Each structure stands twice: as structure tokens, then as C-alpha cells.
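K.L.:
Take this structure, written in C-alpha cells, and hold onto it; I'll ask about it next.
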Amino acid sequence: MKNIFLMGGLMLIMVSSCNNRKRMITDHNKIDIFVLDSFKSVILDSSLNELKSLNLEYNNDSLTVSSIYLKRTYVNDYFFKENMLVDYRSKLLGGVDTIPFLTKNDTAFVYDEYKDGAYVPFLFGLNKQAAEYTITKKKNIYIRTLHSLYAPSYYEKYYYDDNFHIIRFEYSYKGNKFVYTKKSIENIP
């Protein structure tokens, strides 16, 4: 009899904790596809543009960004920690770095893989072992900027709202500017 009450109590605790789970992103389980905006882009050398689209999948506690670049699929997962989305990066020599990806606070920092444990991040084929990050708010929009310190002409920007929904992505390299705008896909099974 005690076992039945114990099991019932455990089930009640599990059900109530699942129901009280805090939802960090509204409209969770939504997928957005970002496509190249040919009107807003300035492309001097089209051979540099191998990125055709970005796919963003919003979940309760994470954001998955996937892209196909140079015929390879890159997937980055970002997780909520203390009201921000962070990137958990494994170091080659062991350990993990926690890098803010999106936040609602203005911030600026430099991440250097050689200084911080030999981590080599790659995104869209451009090596960014050392980069300067800034996050600023302008009116109702937040802008996250990454500036590579090893390839000084490389910048990337994510524009997002208060719910961490990305509304625009752009990157520039060697005088080229590539702008990606949202094309929402609703009711995907």
C-alpha cells in the first residue's frame, strides 16, 4: 500500500512540474526559413555566396539554426540560460565555454579560441577563432554583431525581437553584403 501512495505521489510531482515548465520562447515549435534578399544585398563576388538559406527551429528552451554551406549542413543549438540564449562550446583540450548568442542586455566581449582553450568555431565556412561580439537594442529590435578579428572584413548580424525571434540575418565579407529575410513556414507537420 505504501508503494502505491509513493508511486502516486511521484507521478503527481512529475505531472505538476511538467505543467509548470516555464516557456522561454513564445510560439514555440515554429520553423522559420530565411532566404537571400536580392533587393537588399550587395554582391560583388557571387562565388562567395554558397549559403542559400537558414532554417531556424524555435523550441521551448532552445533554438536550432541549420544551414547548408558548401554542400555541408551545419547545425548549431543554442539553449536558454538565465534569460539568454547561449552556445555551449566544447574546448579541444576539455571543458566547455558558455558564449551568449542572444540576450536582452547590451553587451560586448571578445572570444579568442587560443586564449580560451583552443576552440575552433566555424560558421558558414569562415574561420572565426577570434571575434568581437556586441549586442545592442535599437527601439524594439536587438542587434547581435560578430566581427571577426582574423578576417577583418567579415561581419555578421542577427536582428531579433523581445521573444528572441530572429527577423533578419546579414553578413558581409570583402565588400559583399548578404541579407537574409524571413519567409515563415506555418503548420509544418
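Residue numbering restarts at 1 in every chain; chains get A, B, ... in the order shown in the C-alpha cells, and ligands count up from 1 in that same order.
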Give me the residues within 10 Å of A:Glu170 as a list in words, counting only C-alpha atoms and dropping any in the same chain fewer than 2 places off.

P.N.:
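Using only C-alpha atoms, the neighbours found are Leu36, Asp37, Lys40, Ser41, Thr145, Tyr155, Glu156, Lys157, Tyr158, Tyr159, Arg168, Ser172, Lys177, Phe178, Val179, Tyr180 and Thr181 of chain A.
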
K.L.:
Give me the residues within 12 Å of A:Thr103 as a list in words, counting only C-alpha atoms and dropping any in the same chain fewer than 5 places off.

P.N.:
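Residues near the query, excluding close chain neighbours: Tyr78, Phe79, Phe80, Lys81, Glu82, Asn83, Met84, Leu85, Val86, Asp87, Ala108, Tyr133, Thr134, Ile135, Thr136, Lys137, Ile141, Tyr142, Ile143, Arg144, Tyr158, Tyr159, Tyr160, Asp161, Asp162, Asn163, Phe164, His165 and Ile166 of chain A.
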
K.L.:
Show which residues sit within 8 Å of A:Thr64, as number ranges by chain. Count only C-alpha atoms, and ignore same-chain residues fewer than 4 positions away.

P.N.:
A: 55-58, 75-78

K.L.:
Given the choices A:Lys174, A:Arg72, A:Lys138, A:Arg89, which gets closest to A:Ile43 if the distance is worked out from only C-alpha atoms?

P.N.:
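Once distances to A:Ile43 are computed over only C-alpha atoms, the minimum belongs to A:Lys174.
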
K.L.:
Rank nothing, just name the residue among A:Gly95, A:Asp112, A:Phe169, A:Asn176 nearest to A:Leu149, using only C-alpha atoms.

P.N.:
A:Asp112

K.L.:
I'd like to know which of A:Gly175, A:Asp61, A:Pro100, A:Phe34 is closest to A:Ser46, using only C-alpha atoms.

P.N.:
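Selected residue with least distance to A:Ser46: A:Gly175.
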
K.L.:
Can you tell me how far atom CA of A:Glu50 sits from atom CA of A:Tyr154, in Å to one decimal?

P.N.:
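Calculated distance between atom CA of A:Glu50 and atom CA of A:Tyr154 is 15.1 Å.
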
K.L.:
Would you mind telling me which residue in A:Lys30, A:Val35, A:Ile68, A:Leu44 lies nearest to A:Tyr173 when using only C-alpha atoms?

P.N.:
A:Leu44
